[in-house]
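Visitor: Structure supplied as run.csv; contents: CSV, N, CA and C atoms.
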chain,number,residue,atom,x,y,z
A,270,MET,N,0.8,-1.2,0.0
A,270,MET,CA,0.0,0.0,0.0
A,270,MET,C,0.9,1.2,0.0
A,271,ALA,N,0.5,2.2,-0.8
A,271,ALA,CA,1.3,3.5,-0.9
A,271,ALA,C,1.1,4.4,0.3
A,272,LYS,N,2.2,5.0,0.7
A,272,LYS,CA,2.2,5.9,1.8
A,272,LYS,C,1.6,7.3,1.3
A,273,LYS,N,0.8,7.9,2.2
A,273,LYS,CA,0.3,9.2,1.8
A,273,LYS,C,1.3,10.3,2.2
A,274,SER,N,1.4,11.3,1.3
A,274,SER,CA,2.4,12.3,1.6
A,274,SER,C,1.8,13.3,2.6
A,275,LYS,N,2.7,13.9,3.4
A,275,LYS,CA,2.3,14.8,4.4
A,275,LYS,C,2.0,16.2,3.8
A,276,VAL,N,1.2,16.9,4.4
A,276,VAL,CA,0.9,18.3,4.0
A,276,VAL,C,2.1,19.2,4.5
A,277,LYS,N,2.6,20.0,3.6
A,277,LYS,CA,3.7,20.8,3.9
A,277,LYS,C,3.3,22.2,4.4
A,278,THR,N,3.9,22.7,5.4
A,278,THR,CA,3.6,24.0,6.0
A,278,THR,C,4.1,25.0,5.0
A,279,PRO,N,3.3,26.0,4.7
A,279,PRO,CA,3.8,27.1,3.8
A,279,PRO,C,5.1,27.8,4.3
A,280,ASP,N,5.9,28.3,3.4
A,280,ASP,CA,7.1,28.9,3.7
A,280,ASP,C,6.9,30.2,4.6
A,281,TRP,N,5.8,30.9,4.3
A,281,TRP,CA,5.6,32.2,5.0
A,281,TRP,C,5.3,31.9,6.5
A,282,ILE,N,4.7,30.8,6.8
A,282,ILE,CA,4.5,30.5,8.2
A,282,ILE,C,5.8,30.0,8.9
A,283,LEU,N,6.6,29.2,8.1
A,283,LEU,CA,7.9,28.7,8.7
A,283,LEU,C,8.9,29.8,9.0
A,284,GLU,N,8.8,30.8,8.1
A,284,GLU,CA,9.7,32.0,8.3
A,284,GLU,C,9.2,33.1,9.2
A,285,GLY,N,8.0,32.9,9.8
A,285,GLY,CA,7.5,33.8,10.8
A,285,GLY,C,6.8,35.0,10.4
A,286,TYR,N,6.3,35.0,9.1
A,286,TYR,CA,5.5,36.1,8.6
A,286,TYR,C,4.0,35.9,9.0
A,287,ASP,N,3.3,37.0,9.1
A,287,ASP,CA,1.9,37.0,9.5
A,287,ASP,C,0.9,36.7,8.4
A,288,SER,N,1.3,36.9,7.1
A,288,SER,CA,0.5,36.7,6.0
A,288,SER,C,1.3,36.4,4.7
A,289,PRO,N,0.7,35.8,3.8
A,289,PRO,CA,1.4,35.5,2.5
A,289,PRO,C,1.8,36.8,1.8
A,290,GLU,N,0.9,37.9,1.9
A,290,GLU,CA,1.3,39.2,1.3
A,290,GLU,C,2.5,39.8,1.9
A,291,GLU,N,2.6,39.7,3.2
A,291,GLU,CA,3.8,40.3,3.9
A,291,GLU,C,5.1,39.5,3.5
A,292,TYR,N,5.0,38.2,3.4
A,292,TYR,CA,6.1,37.3,3.0
A,292,TYR,C,6.5,37.7,1.5
A,293,ASN,N,5.5,37.8,0.6
A,293,ASN,CA,5.8,38.1,-0.8
A,293,ASN,C,6.5,39.5,-0.9
A,294,LYS,N,6.0,40.5,-0.1
A,294,LYS,CA,6.6,41.8,-0.1
A,294,LYS,C,8.0,41.8,0.4
A,295,ALA,N,8.3,41.0,1.4
A,295,ALA,CA,9.7,41.0,2.0
A,295,ALA,C,10.6,40.2,1.0
A,296,LYS,N,10.1,39.3,0.3
A,296,LYS,CA,10.9,38.5,-0.6
A,296,LYS,C,11.0,39.1,-2.0
A,297,GLY,N,10.2,40.1,-2.3
A,297,GLY,CA,10.2,40.8,-3.6
A,297,GLY,C,9.4,40.0,-4.6
A,298,ILE,N,8.5,39.2,-4.2
A,298,ILE,CA,7.7,38.4,-5.2
A,298,ILE,C,6.5,39.2,-5.5
A,299,LYS,N,6.2,39.4,-6.8
A,299,LYS,CA,5.1,40.1,-7.3
A,299,LYS,C,4.1,39.1,-7.9
A,300,THR,N,2.9,39.1,-7.3
A,300,THR,CA,1.8,38.3,-7.8
A,300,THR,C,0.6,39.2,-8.1
A,301,THR,N,0.4,39.5,-9.4
A,301,THR,CA,-0.7,40.3,-9.7
A,301,THR,C,-1.5,39.5,-10.7
A,302,LYS,N,-2.8,39.4,-10.4
A,302,LYS,CA,-3.7,38.7,-11.3
A,302,LYS,C,-4.7,39.8,-11.8
A,303,LYS,N,-4.9,39.7,-13.1
A,303,LYS,CA,-5.8,40.6,-13.8
A,303,LYS,C,-7.2,40.1,-13.4
A,304,SER,N,-8.1,41.1,-13.1
A,304,SER,CA,-9.5,40.8,-12.7
A,304,SER,C,-10.2,40.6,-14.0
A,305,GLY,N,-11.3,39.8,-14.0
A,305,GLY,CA,-12.1,39.6,-15.2
A,305,GLY,C,-11.5,38.6,-16.1
A,306,LYS,N,-12.0,38.6,-17.4
A,306,LYS,CA,-11.5,37.7,-18.3
A,306,LYS,C,-10.1,38.1,-18.9
A,307,THR,N,-9.2,37.1,-19.1
A,307,THR,CA,-7.9,37.4,-19.7
A,307,THR,C,-7.8,36.5,-20.9
A,308,PHE,N,-7.1,37.0,-21.9
A,308,PHE,CA,-6.8,36.3,-23.2
A,308,PHE,C,-5.3,36.2,-23.4
A,309,LYS,N,-4.9,35.0,-23.8
A,309,LYS,CA,-3.5,34.8,-24.1
A,309,LYS,C,-3.3,34.9,-25.6
A,310,LEU,N,-2.3,35.7,-26.0
A,310,LEU,CA,-2.0,36.0,-27.4
A,310,LEU,C,-0.6,35.5,-27.6
A,311,ARG,N,-0.4,34.6,-28.5
A,311,ARG,CA,0.9,34.0,-28.9
A,311,ARG,C,1.5,34.8,-30.0
A,312,ILE,N,2.7,35.3,-29.8
A,312,ILE,CA,3.4,36.1,-30.8
A,312,ILE,C,4.7,35.4,-31.3
A,313,CYS,N,5.0,35.5,-32.6
A,313,CYS,CA,6.2,35.0,-33.1
A,313,CYS,C,7.4,35.8,-32.7
A,314,PRO,N,8.4,35.2,-32.1
A,314,PRO,CA,9.6,35.9,-31.6
A,314,PRO,C,10.4,36.5,-32.8
A,315,LYS,N,10.3,36.0,-34.0
A,315,LYS,CA,11.1,36.5,-35.1
A,315,LYS,C,10.4,37.7,-35.8
A,316,CYS,N,9.1,37.6,-36.2
A,316,CYS,CA,8.5,38.7,-36.9
A,316,CYS,C,7.4,39.5,-36.2
A,317,GLY,N,7.0,39.0,-35.0
A,317,GLY,CA,6.0,39.7,-34.2
A,317,GLY,C,4.6,39.4,-34.6
A,318,SER,N,4.3,38.5,-35.5
A,318,SER,CA,3.0,38.2,-36.0
A,318,SER,C,2.3,37.3,-35.0
A,319,ASP,N,0.9,37.4,-35.0
A,319,ASP,CA,0.1,36.5,-34.1
A,319,ASP,C,-0.4,35.3,-34.9
A,320,GLU,N,0.1,35.1,-36.1
A,320,GLU,CA,-0.3,33.9,-36.9
A,320,GLU,C,0.5,32.7,-36.5
A,321,VAL,N,0.5,32.3,-35.2
A,321,VAL,CA,1.3,31.3,-34.7
A,321,VAL,C,0.4,30.1,-34.3
A,322,GLN,N,0.8,28.9,-34.7
A,322,GLN,CA,0.0,27.8,-34.3
A,322,GLN,C,0.8,26.6,-33.9
A,323,VAL,N,0.2,25.7,-33.1
A,323,VAL,CA,1.0,24.6,-32.6
A,323,VAL,C,1.2,23.5,-33.7
A,324,VAL,N,2.3,22.8,-33.7
A,324,VAL,CA,2.6,21.8,-34.7
A,324,VAL,C,2.5,20.5,-33.9
A,325,ILE,N,1.6,19.6,-34.4
A,325,ILE,CA,1.3,18.3,-33.8
A,325,ILE,C,1.8,17.3,-34.8
A,326,GLY,N,2.4,16.2,-34.3
A,326,GLY,CA,2.9,15.2,-35.2
A,326,GLY,C,3.7,14.2,-34.4
A,327,GLY,N,4.3,13.2,-35.2
A,327,GLY,CA,5.1,12.2,-34.6
A,327,GLY,C,4.2,11.1,-34.0
A,328,GLU,N,4.8,10.4,-33.1
A,328,GLU,CA,4.1,9.2,-32.5
A,328,GLU,C,2.9,9.6,-31.7
A,329,GLU,N,1.9,8.7,-31.7
A,329,GLU,CA,0.7,9.0,-31.0
A,329,GLU,C,1.0,9.1,-29.5
A,330,GLY,N,0.4,10.1,-28.8
A,330,GLY,CA,0.7,10.2,-27.4
A,330,GLY,C,1.9,11.1,-27.0
A,331,LYS,N,2.7,11.5,-28.0
A,331,LYS,CA,3.9,12.3,-27.8
A,331,LYS,C,3.5,13.7,-27.7
A,332,GLY,N,2.4,14.2,-28.2
A,332,GLY,CA,2.0,15.6,-28.1
A,332,GLY,C,2.6,16.5,-29.2
A,333,ALA,N,2.8,17.7,-28.8
A,333,ALA,CA,3.2,18.7,-29.8
A,333,ALA,C,4.7,18.8,-30.0
A,334,LYS,N,5.1,19.1,-31.2
A,334,LYS,CA,6.5,19.3,-31.6
A,334,LYS,C,7.0,20.7,-31.3
A,335,GLY,N,6.1,21.7,-31.3
A,335,GLY,CA,6.5,23.0,-31.1
A,335,GLY,C,5.5,24.0,-31.7
A,336,TRP,N,6.0,25.2,-32.1
A,336,TRP,CA,5.1,26.2,-32.7
A,336,TRP,C,5.7,26.5,-34.1
A,337,GLU,N,4.8,27.1,-34.9
A,337,GLU,CA,5.1,27.5,-36.3
A,337,GLU,C,4.4,28.8,-36.6
A,338,CYS,N,5.2,29.7,-37.2
A,338,CYS,CA,4.6,31.0,-37.7
A,338,CYS,C,4.2,30.8,-39.1
A,339,LYS,N,3.0,31.2,-39.4
A,339,LYS,CA,2.5,31.0,-40.8
A,339,LYS,C,2.9,32.2,-41.7
A,340,LYS,N,3.3,33.3,-41.1
A,340,LYS,CA,3.8,34.5,-41.8
A,340,LYS,C,5.2,34.4,-42.3
A,341,CYS,N,6.1,34.0,-41.4
A,341,CYS,CA,7.6,34.0,-41.7
A,341,CYS,C,8.2,32.6,-41.8
A,342,GLY,N,7.4,31.6,-41.4
A,342,GLY,CA,7.9,30.2,-41.4
A,342,GLY,C,8.8,29.8,-40.3
A,343,TRP,N,8.9,30.6,-39.2
A,343,TRP,CA,9.7,30.3,-38.0
A,343,TRP,C,9.1,29.1,-37.4
A,344,LYS,N,10.0,28.2,-36.9
A,344,LYS,CA,9.5,27.0,-36.1
A,344,LYS,C,10.4,26.9,-34.8
A,345,GLY,N,9.8,26.6,-33.7
A,345,GLY,CA,10.5,26.5,-32.5
A,345,GLY,C,9.6,26.2,-31.3
A,346,LYS,N,10.2,26.2,-30.1
A,346,LYS,CA,9.4,25.9,-28.9
A,346,LYS,C,9.2,27.1,-28.0
A,347,ASN,N,10.0,28.2,-28.2
A,347,ASN,CA,9.8,29.3,-27.3
A,347,ASN,C,9.1,30.4,-28.0
A,348,VAL,N,7.8,30.4,-27.9
A,348,VAL,CA,6.9,31.4,-28.5
A,348,VAL,C,6.6,32.5,-27.4
A,349,ASP,N,6.5,33.7,-27.8
A,349,ASP,CA,6.2,34.8,-26.8
A,349,ASP,C,4.7,34.8,-26.5
A,350,GLU,N,4.3,35.1,-25.3
A,350,GLU,CA,2.9,35.1,-24.9
A,350,GLU,C,2.6,36.5,-24.2
A,351,LYS,N,1.5,37.1,-24.6
A,351,LYS,CA,1.0,38.3,-24.0
A,351,LYS,C,-0.3,37.9,-23.4
A,352,GLU,N,-0.5,38.5,-22.2
A,352,GLU,CA,-1.8,38.3,-21.5
A,352,GLU,C,-2.6,39.6,-21.5
A,353,LEU,N,-3.7,39.6,-22.2
A,353,LEU,CA,-4.5,40.8,-22.4
A,353,LEU,C,-5.8,40.7,-21.6
A,354,SER,N,-6.3,41.9,-21.1
A,354,SER,CA,-7.6,41.9,-20.5
A,354,SER,C,-8.6,41.9,-21.7
A,355,GLU,N,-9.9,41.8,-21.3
A,355,GLU,CA,-10.9,41.7,-22.4
A,355,GLU,C,-11.0,43.0,-23.2
A,356,GLU,N,-10.8,44.2,-22.5
A,356,GLU,CA,-10.8,45.5,-23.2
A,356,GLU,C,-9.6,45.6,-24.1
A,357,GLU,N,-8.4,45.2,-23.6
A,357,GLU,CA,-7.2,45.3,-24.5
A,357,GLU,C,-7.3,44.4,-25.7
A,358,PHE,N,-7.9,43.2,-25.5
A,358,PHE,CA,-8.0,42.2,-26.6
A,358,PHE,C,-9.0,42.8,-27.6
A,359,MET,N,-10.1,43.4,-27.2
A,359,MET,CA,-11.0,44.0,-28.2
A,359,MET,C,-10.3,45.1,-29.0
A,360,GLU,N,-9.5,46.0,-28.3
A,360,GLU,CA,-8.8,47.0,-29.0
A,360,GLU,C,-7.8,46.4,-30.0
A,361,TYR,N,-7.2,45.3,-29.6
A,361,TYR,CA,-6.2,44.7,-30.5
A,361,TYR,C,-6.9,44.1,-31.8
A,362,LEU,N,-8.1,43.5,-31.6
A,362,LEU,CA,-8.9,43.0,-32.7
A,362,LEU,C,-9.3,44.2,-33.6
A,363,ASP,N,-9.7,45.3,-33.0
A,363,ASP,CA,-10.1,46.5,-33.8
A,363,ASP,C,-9.0,47.0,-34.7
A,364,LYS,N,-7.8,47.0,-34.1
A,364,LYS,CA,-6.6,47.5,-34.8
A,364,LYS,C,-6.2,46.6,-36.0
A,365,LYS,N,-6.4,45.3,-35.7
A,365,LYS,CA,-6.1,44.2,-36.7
A,365,LYS,C,-7.1,44.2,-37.8
A,366,GLY,N,-8.3,44.7,-37.6
A,366,GLY,CA,-9.4,44.7,-38.6
A,366,GLY,C,-10.2,43.4,-38.5
A,367,GLU,N,-10.2,42.7,-37.4
A,367,GLU,CA,-11.1,41.5,-37.3
A,367,GLU,C,-12.5,41.9,-37.0
A,368,LYS,N,-13.5,41.2,-37.5
A,368,LYS,CA,-14.9,41.4,-37.2
A,368,LYS,C,-15.2,40.8,-35.9
A,369,VAL,N,-15.9,41.5,-35.0
A,369,VAL,CA,-16.3,41.0,-33.7
A,369,VAL,C,-17.8,41.0,-33.7
A,370,ALA,N,-18.3,39.8,-33.4
A,370,ALA,CA,-19.8,39.6,-33.4
A,370,ALA,C,-20.4,40.2,-32.1
As structure tokens, how would this structure be written, given the file I've shared?

Guide:
Amino acid sequence: MAKKSKVKTPDWILEGYDSPEEYNKAKGIKTTKKSGKTFKLRICPKCGSDEVQVVIGGEEGKGAKGWECKKCGWKGKNVDEKELSEEEFMEYLDKKGEKVA
């Protein structure tokens, strides 16, 4: 029979801080979450286009091979990601000329 793992006490308690916020402030950790809906936009690191898609292939169950840019032909694993709020995303689509229903 497998042993159950023990629950670990958070670092902020072990180090004597009163709250996670106080611990993060002292350690210089910034955790900011955008409120509302967020959209992830994948950008090609070579040309800056958003026409990036995942490349799937190879053996079954192995998953994705990486990313590919349809505009410049770049292929790789390190694609840039932008996280936009709903308002920023709508502005982006307007600038690009996409129709929004």

Visitor: Extract, using all atoms listed in the file, all DNA, RNA and protein residues at most 6.5 Å from region 349-358 of chain A, discarding same-chain residues fewer than 5 positions from it, and format them as a PyMOL selection string.

Guide: chain A and resi 305-314+363

Visitor: Can you work out the spacing between CA of Gly335 (chain A) and atom N of Val323 (chain A) in Å, to one decimal?

Guide: 7.1 Å

Visitor: Tell me, in Å to one decimal, how far atom N of Asp287 (chain A) is from CA of Lys275 (chain A).

Guide: 22.7 Å

Visitor: Could you go through chain A and tell me which residues DSSP, when run on the backbone, assigns to alpha helix (DSSP H), listing them as a VMD selection string?

Guide: chain A and resid 280 to 283 289 to 296 355 to 365

Visitor: So what do you get for atom N of Lys344 (chain A) versus atom N of Lys315 (chain A), distance-wise?

Guide: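 Value for the atom N of Lys344 (chain A)-atom N of Lys315 (chain A) distance: 8.3 Å.
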
Visitor: Could you pull out the strand (DSSP E or B) residues of chain A, going by DSSP on the backbone, and write them as a PyMOL selection string?

Guide: chain A and resi 307-312+321-325+333-338+344-345+349-354

Visitor: Go through A:Lys346, A:Lys368, A:Cys341, A:Tyr286 one by one, measure the shortest atom-to-atom distance of each to Val324 (chain A) using only C-alpha atoms, and give the residue with the smallest value.

Guide: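 For Val324 (chain A), the nearest of the given residues is A:Lys346.
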
Visitor: Missing atoms in region 285-302 of chain A: fill them in up to N, CA, C and O atoms and send the result as a PDB file, keeping the file's coordinate frame.

Guide:
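Below you can see result12.pdb, which holds the result:
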ATOM      1  N   GLY A 285       8.000  32.900   9.800  1.00  0.00           N
ATOM      2  CA  GLY A 285       7.500  33.800  10.800  1.00  0.00           C
ATOM      3  C   GLY A 285       6.800  35.000  10.400  1.00  0.00           C
ATOM      4  O   GLY A 285       6.604  35.943  11.109  1.00  0.00           O
ATOM      5  N   TYR A 286       6.300  35.000   9.100  1.00  0.00           N
ATOM      6  CA  TYR A 286       5.500  36.100   8.600  1.00  0.00           C
ATOM      7  C   TYR A 286       4.000  35.900   9.000  1.00  0.00           C
ATOM      8  O   TYR A 286       3.528  34.789   9.201  1.00  0.00           O
ATOM      9  N   ASP A 287       3.300  37.000   9.100  1.00  0.00           N
ATOM     10  CA  ASP A 287       1.900  37.000   9.500  1.00  0.00           C
ATOM     11  C   ASP A 287       0.900  36.700   8.400  1.00  0.00           C
ATOM     12  O   ASP A 287      -0.218  36.240   8.616  1.00  0.00           O
ATOM     13  N   SER A 288       1.300  36.900   7.100  1.00  0.00           N
ATOM     14  CA  SER A 288       0.500  36.700   6.000  1.00  0.00           C
ATOM     15  C   SER A 288       1.300  36.400   4.700  1.00  0.00           C
ATOM     16  O   SER A 288       2.456  36.800   4.679  1.00  0.00           O
ATOM     17  N   PRO A 289       0.700  35.800   3.800  1.00  0.00           N
ATOM     18  CA  PRO A 289       1.400  35.500   2.500  1.00  0.00           C
ATOM     19  C   PRO A 289       1.800  36.800   1.800  1.00  0.00           C
ATOM     20  O   PRO A 289       2.847  36.927   1.189  1.00  0.00           O
ATOM     21  N   GLU A 290       0.900  37.900   1.900  1.00  0.00           N
ATOM     22  CA  GLU A 290       1.300  39.200   1.300  1.00  0.00           C
ATOM     23  C   GLU A 290       2.500  39.800   1.900  1.00  0.00           C
ATOM     24  O   GLU A 290       3.363  40.321   1.186  1.00  0.00           O
ATOM     25  N   GLU A 291       2.600  39.700   3.200  1.00  0.00           N
ATOM     26  CA  GLU A 291       3.800  40.300   3.900  1.00  0.00           C
ATOM     27  C   GLU A 291       5.100  39.500   3.500  1.00  0.00           C
ATOM     28  O   GLU A 291       6.115  40.079   3.246  1.00  0.00           O
ATOM     29  N   TYR A 292       5.000  38.200   3.400  1.00  0.00           N
ATOM     30  CA  TYR A 292       6.100  37.300   3.000  1.00  0.00           C
ATOM     31  C   TYR A 292       6.500  37.700   1.500  1.00  0.00           C
ATOM     32  O   TYR A 292       7.688  37.867   1.250  1.00  0.00           O
ATOM     33  N   ASN A 293       5.500  37.800   0.600  1.00  0.00           N
ATOM     34  CA  ASN A 293       5.800  38.100  -0.800  1.00  0.00           C
ATOM     35  C   ASN A 293       6.500  39.500  -0.900  1.00  0.00           C
ATOM     36  O   ASN A 293       7.386  39.712  -1.696  1.00  0.00           O
ATOM     37  N   LYS A 294       6.000  40.500  -0.100  1.00  0.00           N
ATOM     38  CA  LYS A 294       6.600  41.800  -0.100  1.00  0.00           C
ATOM     39  C   LYS A 294       8.000  41.800   0.400  1.00  0.00           C
ATOM     40  O   LYS A 294       8.898  42.422  -0.231  1.00  0.00           O
ATOM     41  N   ALA A 295       8.300  41.000   1.400  1.00  0.00           N
ATOM     42  CA  ALA A 295       9.700  41.000   2.000  1.00  0.00           C
ATOM     43  C   ALA A 295      10.600  40.200   1.000  1.00  0.00           C
ATOM     44  O   ALA A 295      11.790  40.606   0.906  1.00  0.00           O
ATOM     45  N   LYS A 296      10.100  39.300   0.300  1.00  0.00           N
ATOM     46  CA  LYS A 296      10.900  38.500  -0.600  1.00  0.00           C
ATOM     47  C   LYS A 296      11.000  39.100  -2.000  1.00  0.00           C
ATOM     48  O   LYS A 296      11.779  38.666  -2.865  1.00  0.00           O
ATOM     49  N   GLY A 297      10.200  40.100  -2.300  1.00  0.00           N
ATOM     50  CA  GLY A 297      10.200  40.800  -3.600  1.00  0.00           C
ATOM     51  C   GLY A 297       9.400  40.000  -4.600  1.00  0.00           C
ATOM     52  O   GLY A 297       9.670  40.168  -5.837  1.00  0.00           O
ATOM     53  N   ILE A 298       8.500  39.200  -4.200  1.00  0.00           N
ATOM     54  CA  ILE A 298       7.700  38.400  -5.200  1.00  0.00           C
ATOM     55  C   ILE A 298       6.500  39.200  -5.500  1.00  0.00           C
ATOM     56  O   ILE A 298       5.730  39.642  -4.667  1.00  0.00           O
ATOM     57  N   LYS A 299       6.200  39.400  -6.800  1.00  0.00           N
ATOM     58  CA  LYS A 299       5.100  40.100  -7.300  1.00  0.00           C
ATOM     59  C   LYS A 299       4.100  39.100  -7.900  1.00  0.00           C
ATOM     60  O   LYS A 299       4.362  38.384  -8.805  1.00  0.00           O
ATOM     61  N   THR A 300       2.900  39.100  -7.300  1.00  0.00           N
ATOM     62  CA  THR A 300       1.800  38.300  -7.800  1.00  0.00           C
ATOM     63  C   THR A 300       0.600  39.200  -8.100  1.00  0.00           C
ATOM     64  O   THR A 300      -0.091  39.562  -7.191  1.00  0.00           O
ATOM     65  N   THR A 301       0.400  39.500  -9.400  1.00  0.00           N
ATOM     66  CA  THR A 301      -0.700  40.300  -9.700  1.00  0.00           C
ATOM     67  C   THR A 301      -1.500  39.500 -10.700  1.00  0.00           C
ATOM     68  O   THR A 301      -1.046  39.045 -11.725  1.00  0.00           O
ATOM     69  N   LYS A 302      -2.800  39.400 -10.400  1.00  0.00           N
ATOM     70  CA  LYS A 302      -3.700  38.700 -11.300  1.00  0.00           C
ATOM     71  C   LYS A 302      -4.700  39.800 -11.800  1.00  0.00           C
ATOM     72  O   LYS A 302      -5.129  40.636 -11.125  1.00  0.00           O
TER      73      LYS A 302
END
